[in-house]
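Trainee: This is the structure I have questions about; it appears just below.
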Amino acid sequence: MTRPVPTRTLLTGTALVAALALTSCAGPPAAGPSGSPTRIVLADAQPLGGYDPVDGYGELGVSPVFEGLLRPESTGDDRLPDLVPALAAAPPEPNGDSTVWDVELRTDVVFSDGSALDADDVVATYSAVLDPATASEIAASYSMIESVTATGDHSVRFTLHHPYYAFPARMSLGITPEEEITPGPAADSERNRRPVGTGPYVLAELDAEQAVFEANPHYHGTAPQVTELVTLYLPDDNTRAQRMRAGGVDGTVLPPTTAATFAGADGVDVLSVRTADWRGLSLPAENAFASDGAARLAMNLAVDRDGIIEHVLAGHGRPAHTPVAEVYGEAHEPEAVFDHDPDEAARLLDGAGWREGPDGIRERDGDRAAFTLYYLASDSLRRDLATAFAAEMLPLGIEVDVRGGTWDDMGSHTADAAILLGGGDKPYDLDTQVYATLHTREEGTPTFENPGDLAVPGVDEALEDARRSPDAAERAELYREVQRAYVEHPTYVFLAFADHTYVSAENDWDSGPLVLEPHAHGVSWGPWWNLAGWRR
């Protein structure tokens with residue numbers, strides 16, 4: 001286990017020079033820049049492999065290799081995409097209370113191995129996700145499914161444990177052939193390295209440094225004009241930026257402050273894509289200060305969200321007061337905000353008995369107004385957000401000890417430390433955006449869903465009612481009720497909805513509209529999310 005490192009620990013000048021030298025001397029992956037007009041080379045921060053849909057790869061219907069029953073269709077990143085049929089022949093049909101969903105499949109689809117798609121493939125894929133033996137990372141997101149059955153060669157029925165109007169948002173899961181479903185944990189499956197899907201591309205080559213995708217000759221849709229995609233693994237932000245400046249790649253993902261350095265550069269476009277990706281910190285229930293409702297409200301009033309967006313996100317984002325962004329329309333409550341009011345925050349803390357101690361840090365009954373805030377050590381943006389938050393709390397007499405760590409480090413401290421989180425991993429329906437974040441933890445809840453397990457009065461009931469209601473207007477009002485209740489009794493400090501920033505070489509392709517992005521980002525998203533649809 002990696003030991004957490006405080007962010008205030010800095011490299012000495014000699015060590016910094018040595019580190020930069022190592023970065024600059026590291027040998028590049030084998031692939032070079034685009035060698036033909038139909039080849040795209042992209043640099044990503046994420047390790048290659050992990051291409052198993054049973055473990056969540058391509059879960060939102062965005063993947064070069066896989067398709068789901070539905071896929072997102074976008075008209076711009078300022079609104080939710082529509083979910084339209086992909087492998088389904090028509091939109092899914094629910095029964096009267098949304099406990100049964102029937103789906104007819106297309107009859108003209110074959111997998112990249114030449115085998116025909118049928119209902120058994122859909123049943124096998126969803127059943128594998130639900131099978132405890134596969135230890136799927138996404139199993140909890142499909143817990144509403146009681147059974148998946150084939151009702152014909154090309155028809156499938158999903159029977160749910162309870163009414164769930166948002167079930168179409170669970171129908172973009174990539175489908176793999178029944179024959180590819182093997183026993184054992186999904187993380188160990190050969191599907192991660194040898195995926196077989198129905199998408200526009202096939203994985204032709206894979207090693208630790210690069211993945212090469214080629215056009216799928218069996219693809220049922222219009223053949224992609226970009227016929228080859230090469231993805232390089234370059235985890236260091238500065239290395240990816242250097243490769244981009246050198247003309248070594250056609251595009252990459254970068255933190256906003258690094259992407260901003262490309263503004264005005266010849267031959268390069270900087271793209272900022274709107275998201276439902278909130279960034280904020282969970283608060284620990286077993287810390288005397290953070291468990292105090294007055295303290296949580298004070299911290300929400302004291303933090304300068306606009307300043308964080310300007311200085312940490314280089315302007316690429318919007319303030320987040322709750323996990324519900326404006327993009328959700330009628331379900332968004334515009335009055336559910338925290339004024340930036342440090343003076344009122346100080347009065348709240350005084351009134352709750354948190355008084356300044358000899359060293360300037362507030363105390364009450366022997367407890368200090370202090371807690372540890374963990375962030376993922378490999379993520380520079382989370383580091384910068386955590387550091388900025390801590391700096392804003394100190395003048396108020398709150399001491400936040402910022403530490404970098406691994407997911408294992410953080411997973412063992414969810415009750416006694418704050419964690420800098422990113423949310424919105426499944427944003428194409430509001431239920432999937434807020435239920436896991438705000439609902440009290442239940443048996444089987446993943447570690448980082450409401451990790452502090454702090455409850456907001458009335459919110460569990462409203463969330464349960466909203467996911468069961470067939471009436472859109474009633475659901476919208478219930479979600480507004482959730483937001484109003486939350487700002488009275490906050491359990492997190494949400495900071496911002498962070499835009500994702502990409503740098504792309506100028507080209508003459510018509511790449512179509514951007515899409516509102518989830519928490520996940522990288523070169524599977526940005527202007528390349530629908531690469532198979534690029535046209536000249």
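A note on labels: chains of the structure tokens are A, B, ... as shown, every chain counts residues from 1, and ligands are counted from 1 in their shown order.
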Fewer than 2 positions away in the same chain doesn't count, so skip those; otherwise give me all residues within 9 Å of Arg194 of chain A, counting only C-alpha atoms, as a list of chain:residue names.

Mentor: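 So, after excluding close chain neighbours, the residues are A:Gly49, A:Tyr51, A:Asp52, A:Glu190, A:Arg191, A:Asn192, A:Val196, A:Leu203, A:Ala204, A:Leu206.
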
Trainee: Restrict the selected residues to all heavy atoms and save them as a compact mmCIF listing (two decimals), in the first residue's frame.

Mentor:
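File selection-v3.txt, as written:
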```txt
# COMPACT_ATOMS: atom_id res chain seq x y z
N GLY A 49 -6.02 -1.72 -22.03
CA GLY A 49 -6.64 -2.97 -21.58
C GLY A 49 -7.90 -2.66 -20.80
O GLY A 49 -8.44 -1.56 -20.87
N TYR A 51 -10.87 -4.00 -21.29
CA TYR A 51 -11.91 -3.80 -22.29
C TYR A 51 -13.11 -4.75 -22.11
O TYR A 51 -13.75 -5.11 -23.09
CB TYR A 51 -11.32 -3.98 -23.69
CG TYR A 51 -10.23 -3.00 -24.03
CD1 TYR A 51 -8.99 -3.45 -24.51
CD2 TYR A 51 -10.41 -1.63 -23.87
CE1 TYR A 51 -7.98 -2.55 -24.82
CE2 TYR A 51 -9.41 -0.73 -24.19
CZ TYR A 51 -8.19 -1.19 -24.65
OH TYR A 51 -7.20 -0.30 -24.96
N ASP A 52 -13.40 -5.12 -20.89
CA ASP A 52 -14.50 -6.05 -20.64
C ASP A 52 -15.76 -5.29 -20.26
O ASP A 52 -15.80 -4.64 -19.22
CB ASP A 52 -14.12 -7.01 -19.52
CG ASP A 52 -15.18 -8.08 -19.28
OD1 ASP A 52 -16.15 -8.14 -20.04
OD2 ASP A 52 -15.01 -8.86 -18.31
N GLU A 190 -10.01 -12.79 -20.13
CA GLU A 190 -9.36 -12.49 -21.41
C GLU A 190 -10.15 -11.45 -22.20
O GLU A 190 -9.62 -10.86 -23.14
CB GLU A 190 -9.21 -13.78 -22.24
CG GLU A 190 -8.01 -14.62 -21.86
CD GLU A 190 -6.70 -13.86 -22.10
OE1 GLU A 190 -6.47 -13.39 -23.23
OE2 GLU A 190 -5.93 -13.72 -21.14
N ARG A 191 -11.41 -11.22 -21.82
CA ARG A 191 -12.19 -10.20 -22.52
C ARG A 191 -11.53 -8.83 -22.40
O ARG A 191 -11.76 -7.95 -23.25
CB ARG A 191 -13.61 -10.14 -21.95
CG ARG A 191 -14.44 -11.40 -22.16
CD ARG A 191 -15.87 -11.21 -21.67
NE ARG A 191 -15.94 -10.96 -20.24
CZ ARG A 191 -16.06 -11.91 -19.31
NH1 ARG A 191 -16.09 -13.18 -19.67
NH2 ARG A 191 -16.15 -11.60 -18.03
N ASN A 192 -10.75 -8.62 -21.35
CA ASN A 192 -10.08 -7.34 -21.17
C ASN A 192 -9.01 -7.08 -22.23
O ASN A 192 -8.69 -5.93 -22.52
CB ASN A 192 -9.42 -7.29 -19.79
CG ASN A 192 -10.44 -7.17 -18.68
OD1 ASN A 192 -11.11 -6.16 -18.57
ND2 ASN A 192 -10.55 -8.21 -17.86
N VAL A 196 -14.61 -8.86 -27.97
CA VAL A 196 -15.41 -9.18 -29.16
C VAL A 196 -16.73 -8.42 -29.03
O VAL A 196 -17.52 -8.70 -28.12
CB VAL A 196 -15.68 -10.69 -29.29
CG1 VAL A 196 -16.55 -10.98 -30.51
CG2 VAL A 196 -14.36 -11.45 -29.38
N LEU A 203 -10.11 -4.47 -31.85
CA LEU A 203 -8.78 -4.31 -31.29
C LEU A 203 -7.82 -5.21 -32.06
O LEU A 203 -7.91 -6.43 -31.98
CB LEU A 203 -8.78 -4.66 -29.81
CG LEU A 203 -7.44 -4.54 -29.08
CD1 LEU A 203 -6.95 -3.10 -29.08
CD2 LEU A 203 -7.55 -5.07 -27.66
N ALA A 204 -6.88 -4.60 -32.80
CA ALA A 204 -5.95 -5.36 -33.63
C ALA A 204 -4.64 -5.65 -32.92
O ALA A 204 -4.03 -6.71 -33.14
CB ALA A 204 -5.68 -4.60 -34.93
N LEU A 206 -2.34 -4.86 -29.02
CA LEU A 206 -2.36 -4.33 -27.66
C LEU A 206 -1.08 -4.71 -26.94
O LEU A 206 -0.69 -5.87 -26.92
CB LEU A 206 -3.57 -4.88 -26.88
CG LEU A 206 -3.64 -4.49 -25.39
CD1 LEU A 206 -3.86 -2.99 -25.24
CD2 LEU A 206 -4.75 -5.27 -24.68
```

Trainee: Would you mind telling me which residue in A:Val84, A:Ala466, A:Val41, A:Ala370 lies nearest to Ala417 of chain A when using only C-alpha atoms?

Mentor: A:Ala370

Trainee: Quick one: residues within 7 Å of Thr176 of chain A, only C-alpha atoms, excluding same-chain residues fewer than 5 positions away - as a list in words?

Mentor: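 Contacts, in chain order: Asp121, Thr125, Val196 and Gly197 of chain A.
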
Trainee: DSSP on the backbone: what in segment 51-156 of chain A comes out strand (DSSP E), as a PyMOL selection string?

Mentor: chain A and resi 70-73+82-85+93-94+100-104+145-152+155-156

Trainee: Enumerate the residues of segment 182-234 of chain A with a DSSP assignment of helix (DSSP H, G or I), computed from the backbone, and present them as a PyMOL selection string.

Mentor: chain A and resi 186-188+190-192

Trainee: Just the residues within 12 Å of Asp359 of chain A, please, counting only C-alpha atoms, with nothing from its chain fewer than 6 positions along; format it as a PyMOL selection string.

Mentor: chain A and resi 368-369+394-395+397-399

Trainee: How would the residues just picked look written out with N, CA, C and O atoms as a short mmCIF file (atom, residue, chain, number, x, y, z; two decimals), in the first residue's frame?

Mentor:
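Dumped to part31.cif:
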```
data_model
loop_
_atom_site.label_atom_id
_atom_site.label_comp_id
_atom_site.auth_asym_id
_atom_site.auth_seq_id
_atom_site.Cartn_x
_atom_site.Cartn_y
_atom_site.Cartn_z
N ARG A 368 -10.54 19.41 18.08
CA ARG A 368 -10.10 20.46 17.19
C ARG A 368 -10.94 20.48 15.92
O ARG A 368 -11.45 19.44 15.47
N ALA A 369 -11.09 21.66 15.34
CA ALA A 369 -11.76 21.81 14.04
C ALA A 369 -10.76 21.41 12.96
O ALA A 369 -10.18 22.26 12.26
N LEU A 394 -8.41 27.55 6.28
CA LEU A 394 -7.49 27.95 7.35
C LEU A 394 -7.81 29.32 7.96
O LEU A 394 -7.79 29.45 9.19
N PRO A 395 -8.14 30.37 7.18
CA PRO A 395 -8.47 31.66 7.81
C PRO A 395 -9.71 31.60 8.71
O PRO A 395 -9.88 32.45 9.58
N GLY A 397 -10.17 29.18 10.76
CA GLY A 397 -9.79 28.41 11.93
C GLY A 397 -10.05 26.93 11.80
O GLY A 397 -10.21 26.22 12.79
N ILE A 398 -10.06 26.44 10.56
CA ILE A 398 -10.27 25.01 10.28
C ILE A 398 -9.00 24.48 9.64
O ILE A 398 -8.53 25.00 8.63
N GLU A 399 -8.46 23.42 10.22
CA GLU A 399 -7.22 22.83 9.73
C GLU A 399 -7.53 21.57 8.91
O GLU A 399 -8.11 20.61 9.44
#
```
